[in-house]
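Visitor: Below is the file structure_15.cif, which contains mmCIF, C-alpha atoms and all ligand atoms.
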data_coords
loop_
_atom_site.group_PDB
_atom_site.id
_atom_site.type_symbol
_atom_site.label_atom_id
_atom_site.label_comp_id
_atom_site.auth_asym_id
_atom_site.auth_seq_id
_atom_site.Cartn_x
_atom_site.Cartn_y
_atom_site.Cartn_z
ATOM 1 C CA MET A 1 0.000 0.000 0.000
ATOM 2 C CA ILE A 2 1.232 3.482 -0.829
ATOM 3 C CA ILE A 3 0.126 6.859 0.491
ATOM 4 C CA TYR A 4 0.011 9.754 -1.957
ATOM 5 C CA LYS A 5 -1.400 13.176 -1.090
ATOM 6 C CA ASP A 6 -2.977 11.710 2.070
ATOM 7 C CA GLU A 7 -4.798 9.016 0.108
ATOM 8 C CA GLU A 8 -4.096 5.320 0.569
ATOM 9 C CA TYR A 9 -3.850 3.007 -2.415
ATOM 10 C CA ARG A 10 -3.487 -0.771 -2.252
ATOM 11 C CA LEU A 11 -1.306 -2.151 -5.028
ATOM 12 C CA TRP A 12 -2.280 -5.377 -6.814
ATOM 13 C CA ASP A 13 0.269 -6.006 -9.534
ATOM 14 C CA ALA A 14 -1.122 -7.860 -12.572
ATOM 15 C CA HIS A 15 2.273 -8.422 -14.202
ATOM 16 C CA SER A 16 5.510 -9.411 -12.482
ATOM 17 C CA HIS A 17 8.263 -11.981 -12.884
ATOM 18 C CA PHE A 18 11.009 -13.802 -11.069
ATOM 19 C CA SER A 19 13.132 -16.772 -12.097
ATOM 20 C CA ASN A 20 15.120 -19.645 -10.731
ATOM 21 C CA LEU A 21 17.866 -18.391 -13.043
ATOM 22 C CA VAL A 22 18.651 -15.853 -10.326
ATOM 23 C CA ALA A 23 22.039 -16.958 -9.032
ATOM 24 C CA ARG A 24 25.278 -15.206 -8.147
ATOM 25 C CA PRO A 25 27.372 -16.483 -11.112
ATOM 26 C CA LEU A 26 24.770 -15.084 -13.534
ATOM 27 C CA LYS A 27 24.804 -11.605 -12.001
ATOM 28 C CA SER A 28 26.135 -9.777 -15.088
ATOM 29 C CA PHE A 29 23.750 -11.624 -17.433
ATOM 30 C CA LEU A 30 20.798 -10.840 -15.146
ATOM 31 C CA LYS A 31 21.626 -7.139 -15.169
ATOM 32 C CA ALA A 32 20.566 -7.132 -18.831
ATOM 33 C CA LEU A 33 17.121 -8.406 -17.830
ATOM 34 C CA ALA A 34 16.485 -6.606 -14.569
ATOM 35 C CA ILE A 35 16.839 -3.043 -13.301
ATOM 36 C CA TYR A 36 19.939 -2.393 -11.216
ATOM 37 C CA GLU A 37 18.079 -1.377 -8.069
ATOM 38 C CA ILE A 38 16.321 -4.757 -7.952
ATOM 39 C CA MET A 39 19.530 -6.658 -8.656
ATOM 40 C CA ASP A 40 21.266 -4.748 -5.857
ATOM 41 C CA LEU A 41 18.376 -5.538 -3.522
ATOM 42 C CA ILE A 42 18.624 -9.246 -4.362
ATOM 43 C CA PHE A 43 22.378 -9.565 -3.985
ATOM 44 C CA ALA A 44 22.575 -7.392 -0.869
ATOM 45 C CA ASN A 45 20.228 -9.896 0.782
ATOM 46 C CA TRP A 46 21.671 -13.037 -0.809
ATOM 47 C CA GLN A 47 23.470 -14.381 2.263
ATOM 48 C CA ARG A 48 20.579 -13.614 4.621
ATOM 49 C CA PHE A 49 18.111 -15.514 2.428
ATOM 50 C CA LYS A 50 20.517 -18.370 1.855
ATOM 51 C CA SER A 51 20.132 -19.197 5.525
ATOM 52 C CA ILE A 52 16.315 -19.251 5.280
ATOM 53 C CA SER A 53 16.331 -22.268 3.020
ATOM 54 C CA GLU A 54 18.770 -24.557 1.263
ATOM 55 C CA ASP A 55 16.136 -25.042 -1.393
ATOM 56 C CA ARG A 56 16.789 -22.702 -4.316
ATOM 57 C CA THR A 57 13.149 -22.377 -5.359
ATOM 58 C CA GLU A 58 12.022 -21.563 -1.833
ATOM 59 C CA LYS A 59 14.811 -19.012 -1.370
ATOM 60 C CA ASN A 60 13.809 -17.351 -4.632
ATOM 61 C CA VAL A 61 10.201 -17.090 -3.469
ATOM 62 C CA TYR A 62 11.445 -15.172 -0.411
ATOM 63 C CA LEU A 63 13.643 -12.921 -2.567
ATOM 64 C CA TYR A 64 10.733 -12.178 -4.910
ATOM 65 C CA LYS A 65 8.508 -11.346 -1.933
ATOM 66 C CA LEU A 66 11.241 -9.064 -0.582
ATOM 67 C CA ILE A 67 11.135 -7.051 -3.834
ATOM 68 C CA LEU A 68 7.352 -6.708 -3.687
ATOM 69 C CA ASP A 69 7.510 -5.591 -0.038
ATOM 70 C CA PHE A 70 10.246 -3.082 -0.852
ATOM 71 C CA TYR A 71 7.993 -1.413 -3.451
ATOM 72 C CA GLN A 72 4.933 -1.628 -1.151
ATOM 73 C CA ILE A 73 3.087 -4.011 -3.476
ATOM 74 C CA ASP A 74 0.329 -5.820 -1.572
ATOM 75 C CA LYS A 75 -0.367 -8.699 -3.941
ATOM 76 C CA ALA A 76 1.083 -9.775 -7.254
ATOM 77 C CA ILE A 77 0.562 -12.123 -10.152
ATOM 78 C CA HIS A 78 3.783 -13.992 -10.930
ATOM 79 C CA LEU A 79 4.256 -14.925 -14.577
ATOM 80 C CA PRO A 80 6.807 -17.622 -15.405
ATOM 81 C CA VAL A 81 9.120 -16.537 -18.241
ATOM 82 C CA PHE A 82 10.704 -19.949 -18.703
ATOM 83 C CA LYS A 83 8.917 -23.280 -18.363
ATOM 84 C CA MET A 84 11.022 -24.256 -15.334
ATOM 85 C CA ASP A 85 9.678 -21.219 -13.459
ATOM 86 C CA ARG A 86 6.209 -22.720 -13.179
ATOM 87 C CA LYS A 87 7.717 -24.599 -10.198
ATOM 88 C CA LEU A 88 8.524 -21.250 -8.603
ATOM 89 C CA SER A 89 4.869 -20.315 -9.115
ATOM 90 C CA TYR A 90 3.598 -23.529 -7.537
ATOM 91 C CA ARG A 91 5.893 -23.094 -4.540
ATOM 92 C CA MET A 92 4.877 -19.492 -3.886
ATOM 93 C CA ASN A 93 1.218 -20.505 -4.020
ATOM 94 C CA GLU A 94 1.950 -22.941 -1.186
ATOM 95 C CA LEU A 95 4.063 -20.521 0.857
ATOM 96 C CA PHE A 96 2.196 -17.209 0.461
ATOM 97 C CA PRO A 97 -1.257 -17.876 -1.004
ATOM 98 C CA GLN A 98 -2.613 -14.593 0.393
ATOM 99 C CA LYS A 99 -0.036 -12.443 -1.364
ATOM 100 C CA LEU A 100 1.491 -14.244 -4.338
ATOM 101 C CA PHE A 101 -0.514 -15.598 -7.250
ATOM 102 C CA GLY A 102 1.830 -17.840 -9.223
ATOM 103 C CA PHE A 103 0.549 -18.466 -12.730
ATOM 104 C CA GLY A 104 1.254 -21.586 -14.780
ATOM 105 C CA TYR A 105 2.982 -21.970 -18.123
ATOM 106 C CA ILE A 106 1.450 -22.998 -21.420
ATOM 107 C CA ASN A 107 3.072 -22.989 -24.841
ATOM 108 C CA PRO A 108 0.402 -23.253 -27.582
ATOM 109 C CA ARG A 109 2.956 -25.108 -29.714
ATOM 110 C CA SER A 110 3.589 -27.802 -27.095
ATOM 111 C CA LYS A 111 3.308 -31.374 -28.347
ATOM 112 C CA LYS A 112 1.884 -32.297 -24.936
ATOM 113 C CA LEU A 113 -0.741 -29.546 -24.810
ATOM 114 C CA ASP A 114 -3.458 -31.721 -23.220
ATOM 115 C CA GLN A 115 -1.073 -32.848 -20.489
ATOM 116 C CA ASP A 116 0.148 -29.274 -19.917
ATOM 117 C CA LEU A 117 -3.452 -28.066 -19.550
ATOM 118 C CA GLN A 118 -4.220 -30.838 -17.061
ATOM 119 C CA ASP A 119 -1.132 -29.783 -15.083
ATOM 120 C CA LEU A 120 -2.776 -26.363 -14.551
ATOM 121 C CA VAL A 121 -5.867 -27.984 -13.082
ATOM 122 C CA ASP A 122 -3.809 -30.316 -10.883
ATOM 123 C CA HIS A 123 -1.917 -27.349 -9.451
ATOM 124 C CA LYS A 124 -5.051 -25.203 -9.086
ATOM 125 C CA VAL A 125 -3.378 -22.167 -10.641
ATOM 126 C CA TYR A 126 -5.322 -18.934 -11.097
ATOM 127 C CA GLY A 127 -3.932 -18.256 -14.548
ATOM 128 C CA ILE A 128 -1.332 -18.689 -17.278
ATOM 129 C CA LYS A 129 1.033 -16.529 -19.271
ATOM 130 C CA ILE A 130 1.634 -16.913 -22.992
ATOM 131 C CA HIS A 131 4.305 -15.066 -24.974
ATOM 132 C CA PRO A 132 4.172 -14.934 -28.807
ATOM 133 C CA ASP A 133 7.841 -13.948 -29.190
ATOM 134 C CA ILE A 134 9.486 -16.331 -26.710
ATOM 135 C CA MET A 135 7.131 -19.196 -27.641
ATOM 136 C CA LYS A 136 7.391 -18.476 -31.376
ATOM 137 C CA PHE A 137 3.726 -18.317 -32.339
ATOM 138 C CA THR A 138 1.357 -15.639 -33.606
ATOM 139 C CA PHE A 139 -2.350 -15.106 -32.927
ATOM 140 C CA LYS A 140 -2.858 -16.208 -36.539
ATOM 141 C CA THR A 141 -0.608 -19.271 -36.808
ATOM 142 C CA ALA A 142 -1.739 -20.658 -33.439
ATOM 143 C CA GLN A 143 -5.396 -19.617 -33.724
ATOM 144 C CA GLU A 144 -6.773 -23.140 -33.374
ATOM 145 C CA GLU A 145 -4.623 -24.004 -30.354
ATOM 146 C CA LEU A 146 -5.386 -20.662 -28.703
ATOM 147 C CA ILE A 147 -9.151 -21.161 -29.035
ATOM 148 C CA LYS A 148 -8.713 -24.594 -27.453
ATOM 149 C CA ILE A 149 -6.590 -23.147 -24.617
ATOM 150 C CA LEU A 150 -8.940 -20.229 -23.945
ATOM 151 C CA ARG A 151 -12.030 -22.432 -23.915
ATOM 152 C CA PHE A 152 -10.305 -24.835 -21.529
ATOM 153 C CA CYS A 153 -9.256 -21.926 -19.323
ATOM 154 C CA GLY A 154 -12.767 -20.468 -19.404
ATOM 155 C CA GLU A 155 -14.246 -23.777 -18.238
ATOM 156 C CA ASN A 156 -11.601 -24.380 -15.572
ATOM 157 C CA LYS A 157 -11.448 -20.811 -14.240
ATOM 158 C CA ILE A 158 -7.936 -19.977 -15.370
ATOM 159 C CA ILE A 159 -7.079 -16.387 -16.381
ATOM 160 C CA VAL A 160 -4.969 -15.969 -19.538
ATOM 161 C CA LEU A 161 -2.407 -13.168 -19.875
ATOM 162 C CA SER A 162 -0.432 -12.652 -23.054
ATOM 163 C CA HIS A 163 2.613 -10.514 -23.642
ATOM 164 C CA THR A 164 1.796 -8.065 -26.438
ATOM 165 C CA GLY A 165 3.935 -5.506 -28.241
ATOM 166 C CA SER A 166 5.830 -5.712 -31.485
ATOM 167 C CA HIS A 167 5.220 -9.424 -32.011
ATOM 168 C CA SER A 168 2.054 -10.935 -33.451
ATOM 169 C CA THR A 169 -0.703 -8.778 -34.919
ATOM 170 C CA LEU A 170 -3.202 -7.928 -32.192
ATOM 171 C CA LYS A 171 -6.122 -7.620 -34.588
ATOM 172 C CA ASN A 172 -5.939 -11.400 -34.992
ATOM 173 C CA LEU A 173 -6.765 -11.801 -31.312
ATOM 174 C CA THR A 174 -10.351 -10.560 -31.704
ATOM 175 C CA PRO A 175 -11.750 -13.653 -33.512
ATOM 176 C CA ILE A 176 -10.080 -15.886 -30.885
ATOM 177 C CA LEU A 177 -11.658 -13.988 -27.979
ATOM 178 C CA LYS A 178 -15.028 -13.936 -29.763
ATOM 179 C CA LYS A 179 -14.917 -17.746 -29.892
ATOM 180 C CA SER A 180 -14.034 -18.086 -26.201
ATOM 181 C CA GLU A 181 -16.295 -15.586 -24.480
ATOM 182 C CA GLU A 182 -16.191 -17.451 -21.159
ATOM 183 C CA SER A 183 -12.470 -16.759 -20.821
ATOM 184 C CA VAL A 184 -10.793 -13.811 -19.098
ATOM 185 C CA PHE A 185 -7.922 -12.404 -21.143
ATOM 186 C CA ILE A 186 -5.388 -9.810 -19.975
ATOM 187 C CA ILE A 187 -3.619 -7.910 -22.768
ATOM 188 C CA GLY A 188 -0.179 -7.608 -21.131
ATOM 189 C CA HIS A 189 1.464 -4.199 -21.780
ATOM 190 C CA SER A 190 -1.608 -3.149 -23.844
ATOM 191 C CA GLY A 191 0.287 -3.585 -27.106
ATOM 192 C CA LEU A 192 3.247 -1.404 -25.996
ATOM 193 C CA CYS A 193 4.100 1.405 -28.489
ATOM 194 C CA PRO A 194 3.550 -0.366 -31.815
ATOM 195 C CA GLN A 195 0.103 -1.818 -31.152
ATOM 196 C CA VAL A 196 -1.503 0.304 -28.450
ATOM 197 C CA SER A 197 -4.344 1.441 -30.750
ATOM 198 C CA ASP A 198 -5.018 -2.163 -31.754
ATOM 199 C CA ALA A 199 -5.042 -3.215 -28.087
ATOM 200 C CA LEU A 200 -7.767 -0.620 -27.420
ATOM 201 C CA GLN A 201 -9.691 -1.893 -30.427
ATOM 202 C CA VAL A 202 -9.545 -5.484 -29.105
ATOM 203 C CA ALA A 203 -10.722 -4.216 -25.703
ATOM 204 C CA LYS A 204 -13.615 -2.351 -27.381
ATOM 205 C CA GLU A 205 -14.775 -5.412 -29.281
ATOM 206 C CA CYS A 206 -14.140 -8.069 -26.614
ATOM 207 C CA PRO A 207 -15.646 -7.426 -23.162
ATOM 208 C CA ASN A 208 -13.713 -10.402 -21.747
ATOM 209 C CA SER A 209 -10.388 -8.591 -22.287
ATOM 210 C CA TYR A 210 -8.473 -6.244 -19.952
ATOM 211 C CA LEU A 211 -5.771 -3.672 -20.649
ATOM 212 C CA GLU A 212 -2.696 -4.070 -18.429
ATOM 213 C CA MET A 213 -0.511 -0.951 -18.312
ATOM 214 C CA SER A 214 3.086 -2.036 -17.607
ATOM 215 C CA GLY A 215 5.738 -0.680 -19.954
ATOM 216 C CA ASN A 216 3.243 1.217 -22.089
ATOM 217 C CA PRO A 217 4.132 4.924 -22.226
ATOM 218 C CA TYR A 218 0.960 6.107 -23.965
ATOM 219 C CA THR A 219 -0.912 7.562 -20.996
ATOM 220 C CA TYR A 220 -3.227 9.499 -23.322
ATOM 221 C CA LYS A 221 -4.350 6.187 -24.794
ATOM 222 C CA PHE A 222 -5.351 4.978 -21.321
ATOM 223 C CA ILE A 223 -7.295 8.212 -20.807
ATOM 224 C CA GLU A 224 -9.005 7.483 -24.137
ATOM 225 C CA ALA A 225 -9.809 3.925 -22.983
ATOM 226 C CA ILE A 226 -11.158 5.172 -19.639
ATOM 227 C CA LYS A 227 -13.486 7.617 -21.424
ATOM 228 C CA ASP A 228 -14.578 5.063 -24.024
ATOM 229 C CA PRO A 229 -18.057 3.746 -23.115
ATOM 230 C CA ASP A 230 -17.115 0.356 -24.621
ATOM 231 C CA ILE A 231 -14.044 -0.019 -22.365
ATOM 232 C CA GLY A 232 -14.063 2.167 -19.232
ATOM 233 C CA VAL A 233 -11.807 2.416 -16.189
ATOM 234 C CA GLU A 234 -13.047 -0.962 -14.844
ATOM 235 C CA ARG A 235 -11.048 -2.778 -17.535
ATOM 236 C CA ILE A 236 -7.667 -1.159 -16.927
ATOM 237 C CA LEU A 237 -5.158 -3.008 -14.713
ATOM 238 C CA PHE A 238 -2.000 -1.814 -12.994
ATOM 239 C CA GLY A 239 1.160 -3.848 -13.664
ATOM 240 C CA THR A 240 4.875 -3.329 -13.017
ATOM 241 C CA ASP A 241 6.768 -5.939 -15.072
ATOM 242 C CA ILE A 242 9.137 -6.406 -12.131
ATOM 243 C CA PRO A 243 12.113 -6.942 -12.375
ATOM 244 C CA SER A 244 12.547 -5.574 -15.929
ATOM 245 C CA LEU A 245 10.916 -2.190 -15.354
ATOM 246 C CA HIS A 246 10.979 0.238 -12.445
ATOM 247 C CA PRO A 247 7.836 -0.234 -10.313
ATOM 248 C CA ARG A 248 7.868 3.371 -9.068
ATOM 249 C CA VAL A 249 7.612 4.636 -12.657
ATOM 250 C CA GLU A 250 4.623 2.359 -13.255
ATOM 251 C CA ILE A 251 3.007 3.556 -10.004
ATOM 252 C CA GLN A 252 3.600 7.190 -10.958
ATOM 253 C CA LYS A 253 1.975 6.635 -14.355
ATOM 254 C CA VAL A 254 -1.324 5.840 -12.614
ATOM 255 C CA LEU A 255 -1.003 8.560 -9.963
ATOM 256 C CA ALA A 256 -0.391 11.177 -12.675
ATOM 257 C CA LEU A 257 -3.531 10.355 -14.668
ATOM 258 C CA PRO A 258 -6.157 13.144 -14.596
ATOM 259 C CA ILE A 259 -8.779 10.904 -12.988
ATOM 260 C CA SER A 260 -10.407 10.686 -9.555
ATOM 261 C CA THR A 261 -8.897 9.004 -6.484
ATOM 262 C CA GLU A 262 -11.569 6.308 -6.716
ATOM 263 C CA GLU A 263 -10.722 5.630 -10.378
ATOM 264 C CA LYS A 264 -7.032 5.308 -9.461
ATOM 265 C CA ARG A 265 -7.995 2.798 -6.775
ATOM 266 C CA LEU A 266 -9.887 0.790 -9.397
ATOM 267 C CA ILE A 267 -6.785 0.593 -11.591
ATOM 268 C CA PHE A 268 -4.353 -0.073 -8.727
ATOM 269 C CA SER A 269 -6.266 -2.936 -7.125
ATOM 270 C CA TYR A 270 -10.059 -3.048 -7.161
ATOM 271 C CA ASN A 271 -10.362 -4.102 -10.812
ATOM 272 C CA LEU A 272 -8.010 -7.076 -10.508
ATOM 273 C CA GLU A 273 -9.592 -8.087 -7.212
ATOM 274 C CA ARG A 274 -13.075 -7.931 -8.755
ATOM 275 C CA VAL A 275 -12.010 -9.922 -11.841
ATOM 276 C CA MET A 276 -10.418 -12.600 -9.647
ATOM 277 C CA ARG A 277 -13.384 -12.829 -7.270
ATOM 278 C CA ASP A 278 -16.031 -12.892 -10.013
ATOM 279 C CA PHE A 279 -14.241 -15.228 -12.379
ATOM 280 C CA LEU A 280 -12.336 -17.577 -10.069
ATOM 281 C CA LYS A 281 -15.205 -17.803 -7.542
ATOM 282 C CA ASP A 282 -14.559 -20.514 -4.887
ATOM 283 C CA LYS A 283 -11.111 -21.201 -6.290
ATOM 284 C CA PHE A 284 -9.956 -17.746 -5.117
ATOM 285 C CA LYS A 285 -8.903 -18.325 -1.514
ATOM 286 C CA ILE A 286 -8.631 -14.766 -0.205
HETATM 287 ZN ZN ZN A 301 6.646 -9.223 -18.508
#
Please express what this file holds, its structure, as structure tokens.
Ligand SMILES: [Zn+2]
Guide:
Amino acid sequence: MIIYKDEEYRLWDAHSHFSNLVARPLKSFLKALAIYEIMDLIFANWQRFKSISEDRTEKNVYLYKLILDFYQIDKAIHLPVFKMDRKLSYRMNELFPQKLFGFGYINPRSKKLDQDLQDLVDHKVYGIKIHPDIMKFTFKTAQEELIKILRFCGENKIIVLSHTGSHSTLKNLTPILKKSEESVFIIGHSGLCPQVSDALQVAKECPNSYLEMSGNPYTYKFIEAIKDPDIGVERILFGTDIPSLHPRVEIQKVLALPISTEEKRLIFSYNLERVMRDFLKDKFKI
């Protein structure tokens, strides 16, 4: 929770990462992926957390939580970048189910897609992350698989978040979302610079989609979305993209919007909380 101009805001982060790749020998490589302040925070506390647990995954859950606490983030969705990091997600769900929401991992091009989907149900995850660039698919080439995944996720109460930006044409997402109206889909980064207008268009046409703000510098586009009767402030979500982006910049982007305190609260936490409560129902244990 942060306090700004005497107003309190709870922070629910819809987009953050950590990885079991975090290790001392990889420090210089990791500095290309993460902001220096976060890397310094991790390595300044390395020894202290080493004594908490011998288990690398468990220690990394504590380090990730330390970062969130440092930036006053109340609750966060953790998105695995690499397949191995789904284990980090599962472990954090066991250790801190009230604060950390570890999502699962699905690659639409997986040869074991059915088994991977079942794995999500077995681990009772709240959601998944997909990434067109890292997973080498587009919303066009993987249309069939994506409809299958989204329908499965709609039935089994699993939120889907996709990275969006310069990869994969966002317009091709609309027919997929139209064929899986029971799903909840978060447009990660809201198309970044190259596709922000298309992200708004998808949000206009598909009421089951949400615009997540991390990394997207077009604040006027979010004002446009808030004013648009077919989108509205209820479908905008705060996200940080920790550890790649600076959380305080992402927080400031919301605080600086020319909207009311109550509307800022919706973006910072109420919207994500409402989506999770309404969609996940009994599965959501908060
Ligand atoms: Zn990200």
Visitor: Using all atoms listed in the file for the distances, tell me which of A:Phe43, A:Trp12, A:Tyr210, A:Phe82 is nearest to Leu68 in chain A.
Guide: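 The shortest atom-to-atom distance to Leu68 in chain A comes from A:Trp12.
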Visitor: Run the PyMOL selection byres (((chain A and resi 101-115) around 7) and not hetatm) mentally over the shown coordinates, then write out the matched residues as a list of chain:residue names, using the chain letters and numbers from the document.
Guide: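 The output of the PyMOL selection byres (((chain A and resi 101-115) around 7) and not hetatm) on this file is A:Ala76, A:Ile77, A:His78, A:Leu79, A:Pro80, A:Lys83, A:Arg86, A:Ser89, A:Tyr90, A:Met92, A:Asn93, A:Pro97, A:Lys99, A:Leu100, A:Asp116, A:Leu117, A:Gln118, A:Asp119, A:Leu120, A:Val125, A:Tyr126, A:Gly127, A:Ile128, A:Lys129, A:Ile130, A:Met135, A:Ala142, A:Glu145, A:Leu146.
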Visitor: Quick one, how far is CA of Glu94 in chain A from CA of Leu280 in chain A?
Guide: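 Separation between CA of Glu94 in chain A and CA of Leu280 in chain A: 17.7 Å.
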Visitor: Could you produce a table of the residues of chain A lying within 10 Å of ligand ZN 301 (chain A), with the nearest pair of atoms per residue and their separation in Å rounded to one decimal, using only C-alpha atoms and all ligand atoms, ordered by chain and increasing residue number, as CSV?
Guide:
residue,atom,partner,partner_atom,distance
A:Ala14,CA,A:ZN301,ZN,9.9
A:His15,CA,A:ZN301,ZN,6.2
A:Ser16,CA,A:ZN301,ZN,6.1
A:His17,CA,A:ZN301,ZN,6.5
A:Phe18,CA,A:ZN301,ZN,9.8
A:His78,CA,A:ZN301,ZN,9.4
A:Leu79,CA,A:ZN301,ZN,7.3
A:Pro80,CA,A:ZN301,ZN,9.0
A:Val81,CA,A:ZN301,ZN,7.7
A:Lys129,CA,A:ZN301,ZN,9.2
A:His131,CA,A:ZN301,ZN,9.0
A:Leu161,CA,A:ZN301,ZN,10.0
A:Ser162,CA,A:ZN301,ZN,9.1
A:His163,CA,A:ZN301,ZN,6.7
A:Thr164,CA,A:ZN301,ZN,9.4
A:Gly188,CA,A:ZN301,ZN,7.5
A:His189,CA,A:ZN301,ZN,7.9
A:Ser214,CA,A:ZN301,ZN,8.1
A:Gly215,CA,A:ZN301,ZN,8.7
A:Gly239,CA,A:ZN301,ZN,9.1
A:Thr240,CA,A:ZN301,ZN,8.2
A:Asp241,CA,A:ZN301,ZN,4.8
A:Ile242,CA,A:ZN301,ZN,7.4
A:Pro243,CA,A:ZN301,ZN,8.5
A:Ser244,CA,A:ZN301,ZN,7.4
A:Leu245,CA,A:ZN301,ZN,8.8
Visitor: For a test of reading the model, state the distance in Å between CA of Arg10 in chain A and CA of Tyr270 in chain A, rounded to one decimal.
Guide: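 CA of Tyr270 in chain A lies 8.5 Å from CA of Arg10 in chain A.
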Visitor: Using only C-alpha atoms, which residues sit within 8 Å of Lys140 in chain A once same-chain residues fewer than 5 positions away are excluded, as a list in words?
Guide: Ser168, Thr169, Asn172 and Leu173 of chain A
Visitor: For Leu11 in chain A, which of A:Thr174, A:Leu266, A:Ile73, A:Ala44 is the closest residue, counting all atoms listed in the file?
Guide: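 Closest to Leu11 in chain A, using all atoms listed in the file: A:Ile73.
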Visitor: Given the file above and the PyMOL selection byres (((chain A and resi 54-63) around 10) and not hetatm), which residues are selected, and can you give them as an NGL selection string?
Guide: :A and (18-23 or 41-43 or 45-46 or 48-53 or 64-69 or 85 or 87-93 or 95-96 or 100)
Visitor: Could you state the separation of CA of Ile147 in chain A and CA of Ser209 in chain A in Å, given to one decimal place?
Guide: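 Spanning CA of Ile147 in chain A to CA of Ser209 in chain A is a straight-line distance of 14.3 Å.
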Visitor: Pick out the residues sitting within 12 Å of range 221-228 of chain A, and hand them over as a ChimeraX atom specification; count only C-alpha atoms, and ignore anything fewer than 2 positions along from it in its own chain.
Guide: /A:189-193,195-205,210-214,216-219,230-238,253-254,256-260,263-264,266-267
Visitor: So that I can check the surroundings of Asn156 in chain A, please list as JSON, numbers by chain every protein, DNA and RNA residue that reaches within 9 Å of it, counting all atoms listed in the file and ignoring chain neighbours fewer than 4 positions away.
Guide: {"A": [121, 151, 152, 280]}
Visitor: Output the selection as a CSV table (one decimal), in the frame of the given file - C-alpha atoms for each residue.
Guide:
chain,number,residue,atom,x,y,z
A,121,VAL,CA,-5.9,-28.0,-13.1
A,151,ARG,CA,-12.0,-22.4,-23.9
A,152,PHE,CA,-10.3,-24.8,-21.5
A,280,LEU,CA,-12.3,-17.6,-10.1
